[in-house]
$ cat model28.txt   # compact mmCIF, N, CA and C atoms
# COMPACT_ATOMS: atom_id res chain seq x y z
N MET K 131 -43.37 -14.73 -22.04
CA MET K 131 -43.03 -15.97 -21.35
C MET K 131 -41.78 -16.57 -21.99
N ARG K 132 -41.00 -17.24 -21.17
CA ARG K 132 -39.75 -17.84 -21.61
C ARG K 132 -39.81 -19.35 -21.44
N ALA K 133 -39.00 -20.05 -22.23
CA ALA K 133 -38.94 -21.51 -22.15
C ALA K 133 -37.94 -21.92 -21.07
N TYR K 134 -38.30 -22.92 -20.27
CA TYR K 134 -37.45 -23.44 -19.21
C TYR K 134 -37.48 -24.96 -19.20
N GLU K 135 -36.43 -25.55 -18.66
CA GLU K 135 -36.39 -26.98 -18.37
C GLU K 135 -36.05 -27.15 -16.90
N LEU K 136 -36.79 -28.03 -16.24
CA LEU K 136 -36.57 -28.33 -14.83
C LEU K 136 -36.17 -29.79 -14.71
N MET K 137 -35.00 -30.03 -14.11
CA MET K 137 -34.59 -31.41 -13.81
C MET K 137 -34.69 -31.58 -12.31
N THR K 138 -35.39 -32.63 -11.89
CA THR K 138 -35.49 -32.94 -10.46
C THR K 138 -34.95 -34.34 -10.22
N ILE K 139 -34.39 -34.52 -9.03
CA ILE K 139 -33.97 -35.85 -8.57
C ILE K 139 -34.69 -36.09 -7.25
N HIS K 140 -35.56 -37.09 -7.23
CA HIS K 140 -36.31 -37.44 -6.03
C HIS K 140 -35.61 -38.56 -5.27
N ARG K 141 -35.91 -38.67 -4.00
CA ARG K 141 -35.28 -39.64 -3.10
C ARG K 141 -35.53 -41.08 -3.58
N PRO K 142 -34.54 -41.97 -3.45
CA PRO K 142 -34.67 -43.34 -3.97
C PRO K 142 -35.62 -44.22 -3.16
N GLU K 143 -35.90 -43.88 -1.90
CA GLU K 143 -36.79 -44.73 -1.10
C GLU K 143 -38.26 -44.52 -1.44
N MET K 144 -38.56 -43.54 -2.27
CA MET K 144 -39.95 -43.32 -2.70
C MET K 144 -40.35 -44.40 -3.71
N ALA K 145 -41.64 -44.69 -3.75
CA ALA K 145 -42.16 -45.63 -4.76
C ALA K 145 -42.28 -44.90 -6.10
N ASP K 146 -42.22 -45.66 -7.17
CA ASP K 146 -42.30 -45.10 -8.52
C ASP K 146 -43.57 -44.26 -8.69
N ASP K 147 -44.72 -44.78 -8.22
CA ASP K 147 -45.99 -44.08 -8.35
C ASP K 147 -46.00 -42.78 -7.53
N ASP K 148 -45.37 -42.79 -6.37
CA ASP K 148 -45.32 -41.58 -5.54
C ASP K 148 -44.51 -40.47 -6.22
N VAL K 149 -43.44 -40.84 -6.90
CA VAL K 149 -42.64 -39.86 -7.62
C VAL K 149 -43.46 -39.27 -8.76
N ARG K 150 -44.17 -40.12 -9.47
CA ARG K 150 -45.01 -39.62 -10.58
C ARG K 150 -46.11 -38.68 -10.07
N LYS K 151 -46.68 -38.97 -8.89
CA LYS K 151 -47.68 -38.08 -8.30
C LYS K 151 -47.07 -36.74 -7.91
N GLU K 152 -45.85 -36.77 -7.38
CA GLU K 152 -45.15 -35.52 -7.03
C GLU K 152 -44.91 -34.67 -8.28
N ILE K 153 -44.51 -35.31 -9.37
CA ILE K 153 -44.27 -34.59 -10.62
C ILE K 153 -45.58 -34.03 -11.16
N GLU K 154 -46.66 -34.78 -11.02
CA GLU K 154 -47.97 -34.27 -11.46
C GLU K 154 -48.40 -33.06 -10.63
N ARG K 155 -48.16 -33.12 -9.32
CA ARG K 155 -48.48 -31.97 -8.47
C ARG K 155 -47.63 -30.76 -8.84
N LEU K 156 -46.37 -31.00 -9.19
CA LEU K 156 -45.49 -29.93 -9.61
C LEU K 156 -45.99 -29.31 -10.92
N SER K 157 -46.42 -30.15 -11.85
CA SER K 157 -46.98 -29.65 -13.12
C SER K 157 -48.26 -28.87 -12.88
N ASP K 158 -49.10 -29.34 -11.95
CA ASP K 158 -50.33 -28.63 -11.61
C ASP K 158 -50.01 -27.27 -10.99
N PHE K 159 -49.00 -27.21 -10.12
CA PHE K 159 -48.57 -25.95 -9.51
C PHE K 159 -48.16 -24.95 -10.59
N LEU K 160 -47.38 -25.42 -11.57
CA LEU K 160 -46.95 -24.54 -12.65
C LEU K 160 -48.14 -24.09 -13.50
N GLY K 161 -49.05 -25.00 -13.80
CA GLY K 161 -50.22 -24.66 -14.60
C GLY K 161 -51.12 -23.65 -13.91
N GLU K 162 -51.32 -23.81 -12.60
CA GLU K 162 -52.14 -22.86 -11.85
C GLU K 162 -51.49 -21.48 -11.76
N ALA K 163 -50.16 -21.45 -11.81
CA ALA K 163 -49.44 -20.18 -11.74
C ALA K 163 -49.41 -19.47 -13.09
N GLY K 164 -49.90 -20.13 -14.14
CA GLY K 164 -49.97 -19.49 -15.45
C GLY K 164 -48.96 -19.99 -16.45
N ALA K 165 -48.19 -21.02 -16.12
CA ALA K 165 -47.20 -21.57 -17.04
C ALA K 165 -47.86 -22.57 -17.99
N THR K 166 -47.25 -22.73 -19.15
CA THR K 166 -47.66 -23.74 -20.12
C THR K 166 -46.71 -24.92 -19.97
N VAL K 167 -47.22 -26.06 -19.50
CA VAL K 167 -46.38 -27.21 -19.16
C VAL K 167 -46.55 -28.31 -20.21
N LYS K 168 -45.42 -28.83 -20.68
CA LYS K 168 -45.43 -29.97 -21.59
C LYS K 168 -45.38 -31.25 -20.77
N PRO K 169 -45.75 -32.39 -21.33
CA PRO K 169 -45.71 -33.65 -20.57
C PRO K 169 -44.31 -33.92 -20.03
N PRO K 170 -44.21 -34.37 -18.77
CA PRO K 170 -42.89 -34.62 -18.17
C PRO K 170 -42.20 -35.84 -18.79
N ASP K 171 -40.88 -35.82 -18.76
CA ASP K 171 -40.06 -36.92 -19.25
C ASP K 171 -39.48 -37.63 -18.03
N PHE K 172 -40.08 -38.76 -17.65
CA PHE K 172 -39.67 -39.51 -16.46
C PHE K 172 -38.58 -40.49 -16.84
N TRP K 173 -37.39 -40.33 -16.28
CA TRP K 173 -36.25 -41.18 -16.61
C TRP K 173 -36.15 -42.41 -15.72
N GLY K 174 -36.80 -42.39 -14.59
CA GLY K 174 -36.74 -43.52 -13.67
C GLY K 174 -35.57 -43.41 -12.71
N LYS K 175 -35.29 -44.52 -12.02
CA LYS K 175 -34.23 -44.53 -11.01
C LYS K 175 -32.87 -44.72 -11.68
N ARG K 176 -31.95 -43.81 -11.37
CA ARG K 176 -30.60 -43.87 -11.93
C ARG K 176 -29.57 -43.75 -10.81
N ARG K 177 -28.42 -44.31 -11.05
CA ARG K 177 -27.32 -44.23 -10.11
C ARG K 177 -26.57 -42.92 -10.33
N PHE K 178 -26.14 -42.26 -9.24
CA PHE K 178 -25.41 -41.00 -9.32
C PHE K 178 -23.95 -41.27 -9.71
N ALA K 179 -23.33 -40.28 -10.31
CA ALA K 179 -21.90 -40.35 -10.61
C ALA K 179 -21.09 -40.18 -9.32
N TYR K 180 -21.67 -39.45 -8.37
CA TYR K 180 -21.03 -39.26 -7.06
C TYR K 180 -22.11 -39.17 -6.00
N GLU K 181 -21.74 -39.41 -4.77
CA GLU K 181 -22.69 -39.44 -3.66
C GLU K 181 -23.17 -38.03 -3.31
N ILE K 182 -24.47 -37.88 -3.07
CA ILE K 182 -25.06 -36.61 -2.65
C ILE K 182 -25.75 -36.85 -1.32
N ASP K 183 -25.27 -36.22 -0.26
CA ASP K 183 -25.87 -36.37 1.08
C ASP K 183 -26.03 -37.84 1.48
N HIS K 184 -25.02 -38.64 1.21
CA HIS K 184 -24.99 -40.08 1.52
C HIS K 184 -26.05 -40.87 0.75
N ILE K 185 -26.46 -40.38 -0.40
CA ILE K 185 -27.42 -41.06 -1.27
C ILE K 185 -26.71 -41.37 -2.59
N ASN K 186 -26.92 -42.58 -3.12
CA ASN K 186 -26.22 -43.02 -4.32
C ASN K 186 -27.09 -43.10 -5.57
N GLU K 187 -28.42 -42.97 -5.42
CA GLU K 187 -29.31 -43.06 -6.58
C GLU K 187 -30.57 -42.24 -6.33
N GLY K 188 -31.33 -41.98 -7.41
CA GLY K 188 -32.56 -41.22 -7.28
C GLY K 188 -33.37 -41.29 -8.56
N TYR K 189 -34.60 -40.77 -8.49
CA TYR K 189 -35.50 -40.75 -9.64
C TYR K 189 -35.34 -39.42 -10.38
N TYR K 190 -34.98 -39.51 -11.65
CA TYR K 190 -34.77 -38.32 -12.47
C TYR K 190 -36.02 -38.01 -13.29
N THR K 191 -36.34 -36.72 -13.40
CA THR K 191 -37.45 -36.27 -14.23
C THR K 191 -37.09 -34.92 -14.84
N VAL K 192 -37.49 -34.72 -16.10
CA VAL K 192 -37.31 -33.44 -16.78
C VAL K 192 -38.70 -32.92 -17.15
N VAL K 193 -38.98 -31.67 -16.75
CA VAL K 193 -40.24 -31.01 -17.08
C VAL K 193 -39.91 -29.76 -17.89
N THR K 194 -40.49 -29.65 -19.08
CA THR K 194 -40.30 -28.49 -19.94
C THR K 194 -41.54 -27.62 -19.85
N PHE K 195 -41.34 -26.30 -19.68
CA PHE K 195 -42.48 -25.40 -19.54
C PHE K 195 -42.12 -24.00 -20.00
N ASP K 196 -43.15 -23.20 -20.29
CA ASP K 196 -43.01 -21.78 -20.62
C ASP K 196 -43.63 -20.99 -19.48
N ALA K 197 -42.88 -20.02 -18.93
CA ALA K 197 -43.39 -19.27 -17.78
C ALA K 197 -42.69 -17.93 -17.66
N ASP K 198 -43.23 -17.09 -16.80
CA ASP K 198 -42.60 -15.82 -16.45
C ASP K 198 -41.52 -16.08 -15.40
N PRO K 199 -40.51 -15.23 -15.34
CA PRO K 199 -39.43 -15.42 -14.36
C PRO K 199 -39.90 -15.44 -12.90
N ALA K 200 -40.96 -14.74 -12.56
CA ALA K 200 -41.46 -14.73 -11.18
C ALA K 200 -41.97 -16.12 -10.78
N ILE K 201 -42.56 -16.84 -11.71
CA ILE K 201 -43.05 -18.20 -11.44
C ILE K 201 -41.86 -19.12 -11.16
N VAL K 202 -40.79 -18.94 -11.91
CA VAL K 202 -39.60 -19.77 -11.74
C VAL K 202 -38.96 -19.52 -10.38
N ALA K 203 -38.96 -18.28 -9.93
CA ALA K 203 -38.41 -17.97 -8.61
C ALA K 203 -39.22 -18.65 -7.51
N GLU K 204 -40.54 -18.65 -7.62
CA GLU K 204 -41.39 -19.32 -6.64
C GLU K 204 -41.20 -20.83 -6.70
N LEU K 205 -41.07 -21.38 -7.90
CA LEU K 205 -40.82 -22.82 -8.07
C LEU K 205 -39.51 -23.22 -7.39
N ASP K 206 -38.48 -22.42 -7.58
CA ASP K 206 -37.18 -22.70 -6.95
C ASP K 206 -37.30 -22.70 -5.43
N ARG K 207 -38.05 -21.76 -4.88
CA ARG K 207 -38.25 -21.68 -3.44
C ARG K 207 -38.97 -22.93 -2.93
N VAL K 208 -40.02 -23.33 -3.63
CA VAL K 208 -40.80 -24.51 -3.22
C VAL K 208 -39.96 -25.78 -3.27
N LEU K 209 -39.14 -25.93 -4.30
CA LEU K 209 -38.33 -27.15 -4.43
C LEU K 209 -37.19 -27.19 -3.41
N HIS K 210 -36.68 -26.03 -3.01
CA HIS K 210 -35.66 -26.01 -1.95
C HIS K 210 -36.24 -26.51 -0.63
N LEU K 211 -37.52 -26.27 -0.39
CA LEU K 211 -38.16 -26.67 0.85
C LEU K 211 -38.67 -28.11 0.84
N ALA K 212 -38.78 -28.70 -0.34
CA ALA K 212 -39.35 -30.06 -0.46
C ALA K 212 -38.38 -31.10 0.09
N ASP K 213 -38.89 -31.95 0.96
CA ASP K 213 -38.07 -33.01 1.55
C ASP K 213 -37.83 -34.17 0.58
N THR K 214 -38.71 -34.34 -0.40
CA THR K 214 -38.60 -35.47 -1.32
C THR K 214 -37.62 -35.21 -2.46
N VAL K 215 -37.20 -33.96 -2.65
CA VAL K 215 -36.32 -33.61 -3.75
C VAL K 215 -34.88 -33.54 -3.24
N VAL K 216 -34.01 -34.35 -3.85
CA VAL K 216 -32.59 -34.35 -3.49
C VAL K 216 -31.90 -33.15 -4.13
N ARG K 217 -32.11 -32.95 -5.42
CA ARG K 217 -31.55 -31.83 -6.16
C ARG K 217 -32.53 -31.41 -7.25
N HIS K 218 -32.41 -30.15 -7.66
CA HIS K 218 -33.18 -29.67 -8.80
C HIS K 218 -32.38 -28.60 -9.52
N LYS K 219 -32.67 -28.39 -10.78
CA LYS K 219 -31.99 -27.39 -11.57
C LYS K 219 -32.95 -26.87 -12.63
N VAL K 220 -33.08 -25.55 -12.72
CA VAL K 220 -33.91 -24.92 -13.74
C VAL K 220 -32.96 -24.22 -14.72
N ILE K 221 -33.13 -24.51 -16.01
CA ILE K 221 -32.29 -23.87 -17.03
C ILE K 221 -33.17 -23.28 -18.13
N ARG K 222 -32.59 -22.35 -18.87
CA ARG K 222 -33.23 -21.83 -20.08
C ARG K 222 -32.50 -22.41 -21.27
N PRO K 223 -33.13 -23.33 -22.01
CA PRO K 223 -32.44 -23.93 -23.17
C PRO K 223 -32.26 -22.90 -24.27
N GLU K 224 -31.25 -23.12 -25.08
CA GLU K 224 -30.96 -22.21 -26.18
C GLU K 224 -32.06 -22.23 -27.22
$ encode --input "model28.txt" --output "C-alpha cells"
Amino acid sequence: MRAYELMTIHRPEMADDDVRKEIERLSDFLGEAGATVKPPDFWGKRRFAYEIDHINEGYYTVVTFDADPAIVAELDRVLHLADTVVRHKVIRPE
C-alpha cells in the first residue's frame, strides 16, 4: 500500500454539515475498499485565487490515506462524476 493525499473542493452553496457528511462518505468508501484512512483535515470555505466554472469560493478538505493504486483509480472516477465536487487532486507525498 502507498500513502496518498486527496484534496477536494466542494461547491460553496452546500451547507457546512453537508460537506462534512460528503467527506465522511468518501472516507467510508475508502475504508470499505481496503484503504487505511486518517482523520480528514477540513479547511472550511476559502476564496479561490481564480474563478473555476464561474465559482469564486469552495470548501477545502484534505484526506490522507494508504491504499493500493487500483483504489485510487476508482476514487478518481467517482469524484469526476460527483456533482458536489468542483475540483479534486490525488497526490503521493514524498
$ residues_around --input "model28.txt" --residues "region 182-188 of chain K" --least-positions-apart "6" --cutoff "7 Å" --atoms "only N, CA and C atoms" --output "list in words"
Ile139, His140, Arg141, Pro142, Glu143, Gly174, Lys175 and Arg176 of chain K
$ closest_residue --input "model28.txt" --among "K:Asp171, K:Glu224, K:Leu160, K:Arg132" --to "Leu205 (chain K)" --atoms "all atoms listed in the file"
K:Leu160
$ atom_distance --input "model28.txt" --atom1 "CA of Ala163 (chain K)" --atom2 "CA of Ile201 (chain K)"
6.7 Å
$ select_by_dssp --input "model28.txt" --residues "chain K" --states "strand (DSSP E)" --output "PyMOL selection string"
chain K and resi 132-140+166-167+171-182+185-197+215-221
$ atom_distance --input "model28.txt" --atom1 "atom N of Tyr189 (chain K)" --atom2 "atom N of Thr138 (chain K)"
8.9 Å
$ atom_distance --input "model28.txt" --atom1 "atom N of Val215 (chain K)" --atom2 "atom N of Pro170 (chain K)"
17.6 Å
